[in-house]
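J.: Here you go, one structure.
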Amino acid sequence: MVFTKITEQDSLHINLEQKSVQELLQGIYQEDQKVIGAVELVLPEIEILISRVVAQLKKGGRLFYIGAGTSGRLGILDASECPPTFGSDPDQVIGIIAGGKTAVYRAVENAEDNINQGWIDLQGYGISSNDIVIGIAASGTTPYVIEALRNARGHQIPTGSICCNPNSPLSAVSDFPIEVIVGPEFVTGSSRMKAGTAQKLILNMISTASMIQLGHIRGNKMVDMQMTNEKLKKRAIKIVQEQLSISKKEAKALILKHKSIRIALDQYTSNE
């Protein structure tokens, strides 16, 4: 199979510096419309990957995202949102980026080209065959990510991947590859744009569907969310009020007492 690096192909839009802001926005918007359709085409592959993620998490394993640059940052973002949203253990979903914490804020030169560091970083977490690793790389050619997955696979650790080029080297070392083909970027090679958007959409699906399957959502409510600010406390009170058909005052008292939406709901129901 031929590997085509579509993410590096020339933009379909020319003379960008001569365009007005309105024309630039229309062009970016036009390209962004292609992302949703591209993600729809790979829903079956996403479903297969999520099913394996859920299976690994149910037996006590962890989900690792590993990437470089924008891809690494997106993995860290998705991982960091799981505990406050779903009340999950902070060590259950882990994001790793080439170059470490510094690379979250600024580029670390040559970090993505280090073929050994990805596996070293995973080993730092005591990774095992109970876990699952998802490599994220728009190009599908990032050495740091490819070699991390190759080593994980060699140690019987299941692997998934998200990239935006067909028949990529990354997919070749992935048990559950997802290739979401969004086409050339508005700015040639700027894969933080459409490719990054597609990756974010897929990561949303992976974490959300997995956490729902693990029981962290009741109905359509975040019953395990962490109430870390006033907005979330108000949301918790509203959830309890609506679910139990009680007054706002009663709901607030339950939240203050139990410090948990789930426990508040369960305790009230058991006392009925």
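Going through the structure tokens in order, the chains are called A, B, and so on, while each chain numbers its residues from 1 and the ligands are numbered from 1 in the order shown.
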Using the chain letters and numbers from this document, which residues of stretch 22-160 of chain A does DSSP assign to helix (DSSP H, G or I), as a ChimeraX atom specification?
T.: /A:22-41,43-58,69-86,102-105,111-113,117-123,143-154
J.: List the neighbours of stretch 192-203 of chain A out to 6 Å using only C-alpha atoms; skip same-chain residues closer than 3 positions along the sequence, and give me the result as a list in words.
T.: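 Listing them by chain and then by number gives Val35, Thr70, Ala138 and Ile206 of chain A.
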J.: Go through A:Leu254, A:Val187, A:Ile66, A:Met227 and flag the residue nearest A:Glu17, using only C-alpha atoms for the distances.
T.: A:Val187
J.: Restricting the calculation to only C-alpha atoms, which member of A:Ile46, A:Leu256, A:Ala111, A:Ala79 is positioned closest to A:Gly160?
T.: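 Distance minimum relative to A:Gly160 lands on A:Ile46.
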J.: Excluding same-chain residues fewer than 2 positions from stretch 96-101 of chain A, what lies within 7 Å of it counting only C-alpha atoms, as a list in words?
T.: Tyr65, Ile66, Gly67, Ala68, Gly72, Arg73, Ile76, Ile94, Ala103, Val104, Val108, Ala111, Glu112 and Tyr144 of chain A
J.: Just C-alpha atoms for this one: save the residues we selected as a PDB file, in the first residue's frame.
T.:
ATOM      1  CA  TYR A  65      -2.348   8.829  25.098  1.00  0.00           C
ATOM      2  CA  ILE A  66       1.082   9.551  23.640  1.00  0.00           C
ATOM      3  CA  GLY A  67       1.969  12.200  21.082  1.00  0.00           C
ATOM      4  CA  ALA A  68       4.177  15.137  20.156  1.00  0.00           C
ATOM      5  CA  GLY A  72       0.485  15.372  22.503  1.00  0.00           C
ATOM      6  CA  ARG A  73      -1.215  18.446  23.931  1.00  0.00           C
ATOM      7  CA  ILE A  76      -3.043  15.620  27.743  1.00  0.00           C
ATOM      8  CA  ILE A  94      -2.763   9.537  31.257  1.00  0.00           C
ATOM      9  CA  ALA A 103       6.492  20.823  25.659  1.00  0.00           C
ATOM     10  CA  VAL A 104       2.925  21.472  26.824  1.00  0.00           C
ATOM     11  CA  VAL A 108      10.955  21.249  22.558  1.00  0.00           C
ATOM     12  CA  ALA A 111      11.809  15.790  21.000  1.00  0.00           C
ATOM     13  CA  GLU A 112       9.527  14.059  18.509  1.00  0.00           C
ATOM     14  CA  TYR A 144       8.671   9.174  19.212  1.00  0.00           C
TER      15      TYR A 144
END
J.: Would you mind listing what lies within 12 Å of A:Asp89 as a list of chain:residue names, with only C-alpha atoms counted and same-chain residues fewer than 2 positions away left out?
T.: A:Leu57, A:Gly60, A:Gly61, A:Arg62, A:Leu63, A:Ala79, A:Ser80, A:Glu81, A:Cys82, A:Pro83, A:Pro84, A:Thr85, A:Phe86, A:Gly87, A:Asp91, A:Gln92, A:Val93, A:Ile94, A:Met211, A:His216, A:Asp224, A:Met225, A:Gln226
J.: Quick one, how far is atom CA of A:Thr102 from atom CA of A:Ile127?
T.: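 Those two atoms sit 22.6 Å apart.
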J.: Using only C-alpha atoms for the distances, tell me which of A:Glu31, A:Gly69, A:Pro166, A:Ile212 is nearest to A:Val145.
T.: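 Closest to A:Val145 of all the choices is A:Gly69.
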J.: Report the residues of stretch 20-195 of chain A whose backbone DSSP state falls under strand (DSSP E), written as a list in words.
T.: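 Filtering stretch 20-195 of chain A down to strand (DSSP E) leaves Leu63, Phe64, Tyr65, Ile66, Gly67, Val93, Ile94, Gly95, Ile96, Ile97, Ile132, Val133, Ile134, Gly135, Ile136, Thr159, Gly160, Ser161, Ile162, Cys163, Phe176, Pro177, Ile178 and Glu179 of chain A.
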J.: Can you write out the residues you just picked, keeping N, CA and C atoms, as an mmCIF file, in the first residue's frame?
T.:
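File produced: out.cif:
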data_model
loop_
_atom_site.group_PDB
_atom_site.id
_atom_site.type_symbol
_atom_site.label_atom_id
_atom_site.label_comp_id
_atom_site.auth_asym_id
_atom_site.auth_seq_id
_atom_site.Cartn_x
_atom_site.Cartn_y
_atom_site.Cartn_z
ATOM 1 N N LEU A 63 -5.551 3.890 30.377
ATOM 2 C CA LEU A 63 -5.497 4.379 29.001
ATOM 3 C C LEU A 63 -4.395 5.432 28.910
ATOM 4 N N PHE A 64 -3.437 5.197 28.014
ATOM 5 C CA PHE A 64 -2.359 6.158 27.781
ATOM 6 C C PHE A 64 -2.533 6.789 26.415
ATOM 7 N N TYR A 65 -2.473 8.110 26.358
ATOM 8 C CA TYR A 65 -2.348 8.829 25.098
ATOM 9 C C TYR A 65 -0.888 9.257 24.983
ATOM 10 N N ILE A 66 -0.293 9.103 23.817
ATOM 11 C CA ILE A 66 1.082 9.551 23.640
ATOM 12 C C ILE A 66 1.214 10.251 22.295
ATOM 13 N N GLY A 67 1.827 11.428 22.306
ATOM 14 C CA GLY A 67 1.969 12.200 21.082
ATOM 15 C C GLY A 67 3.040 13.264 21.224
ATOM 16 N N VAL A 93 -6.524 7.657 33.126
ATOM 17 C CA VAL A 93 -6.271 8.144 31.762
ATOM 18 C C VAL A 93 -5.089 9.111 31.845
ATOM 19 N N ILE A 94 -4.022 8.805 31.117
ATOM 20 C CA ILE A 94 -2.763 9.537 31.257
ATOM 21 C C ILE A 94 -2.292 10.037 29.888
ATOM 22 N N GLY A 95 -1.959 11.307 29.822
ATOM 23 C CA GLY A 95 -1.425 11.879 28.595
ATOM 24 C C GLY A 95 0.076 12.077 28.699
ATOM 25 N N ILE A 96 0.792 11.667 27.661
ATOM 26 C CA ILE A 96 2.258 11.807 27.621
ATOM 27 C C ILE A 96 2.639 12.562 26.353
ATOM 28 N N ILE A 97 3.533 13.534 26.491
ATOM 29 C CA ILE A 97 3.961 14.330 25.344
ATOM 30 C C ILE A 97 5.482 14.284 25.200
ATOM 31 N N ILE A 132 -3.664 0.109 27.807
ATOM 32 C CA ILE A 132 -3.771 0.297 26.361
ATOM 33 C C ILE A 132 -3.157 1.645 26.025
ATOM 34 N N VAL A 133 -2.442 1.709 24.915
ATOM 35 C CA VAL A 133 -1.745 2.924 24.496
ATOM 36 C C VAL A 133 -2.306 3.398 23.162
ATOM 37 N N ILE A 134 -2.685 4.660 23.096
ATOM 38 C CA ILE A 134 -3.154 5.253 21.848
ATOM 39 C C ILE A 134 -2.152 6.316 21.409
ATOM 40 N N GLY A 135 -1.523 6.081 20.276
ATOM 41 C CA GLY A 135 -0.590 7.033 19.722
ATOM 42 C C GLY A 135 -1.320 8.040 18.850
ATOM 43 N N ILE A 136 -0.984 9.306 19.018
ATOM 44 C CA ILE A 136 -1.642 10.371 18.268
ATOM 45 C C ILE A 136 -0.577 11.121 17.465
ATOM 46 N N THR A 159 -2.562 -1.598 21.369
ATOM 47 C CA THR A 159 -2.274 -0.254 20.876
ATOM 48 C C THR A 159 -3.356 0.233 19.927
ATOM 49 N N GLY A 160 -3.629 1.535 20.002
ATOM 50 C CA GLY A 160 -4.512 2.198 19.056
ATOM 51 C C GLY A 160 -3.786 3.417 18.522
ATOM 52 N N SER A 161 -4.329 4.034 17.491
ATOM 53 C CA SER A 161 -3.681 5.222 16.942
ATOM 54 C C SER A 161 -4.694 6.112 16.243
ATOM 55 N N ILE A 162 -4.347 7.393 16.172
ATOM 56 C CA ILE A 162 -5.149 8.373 15.448
ATOM 57 C C ILE A 162 -4.201 9.179 14.576
ATOM 58 N N CYS A 163 -4.400 9.111 13.259
ATOM 59 C CA CYS A 163 -3.593 9.929 12.361
ATOM 60 C C CYS A 163 -4.450 10.388 11.190
ATOM 61 N N PHE A 176 -5.382 -1.122 16.623
ATOM 62 C CA PHE A 176 -6.672 -0.501 16.320
ATOM 63 C C PHE A 176 -6.442 0.890 15.720
ATOM 64 N N PRO A 177 -6.014 0.933 14.450
ATOM 65 C CA PRO A 177 -5.691 2.222 13.835
ATOM 66 C C PRO A 177 -6.933 2.988 13.372
ATOM 67 N N ILE A 178 -6.874 4.294 13.536
ATOM 68 C CA ILE A 178 -7.895 5.190 13.005
ATOM 69 C C ILE A 178 -7.196 6.185 12.092
ATOM 70 N N GLU A 179 -7.573 6.193 10.829
ATOM 71 C CA GLU A 179 -7.019 7.139 9.864
ATOM 72 C C GLU A 179 -8.143 8.040 9.381
#
J.: Ranking A:Val53, A:Ile48, A:Ala253, A:Ile36 by minimum distance to A:Pro158 and counting only C-alpha atoms, which one comes first?
T.: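 Residue with the minimum atom-to-atom distance to A:Pro158: A:Val53.
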J.: What is the atom CA of A:Thr228 to atom CA of A:Asp131 distance in Å?
T.: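 Distance reported for this atom pair: 28.8 Å.
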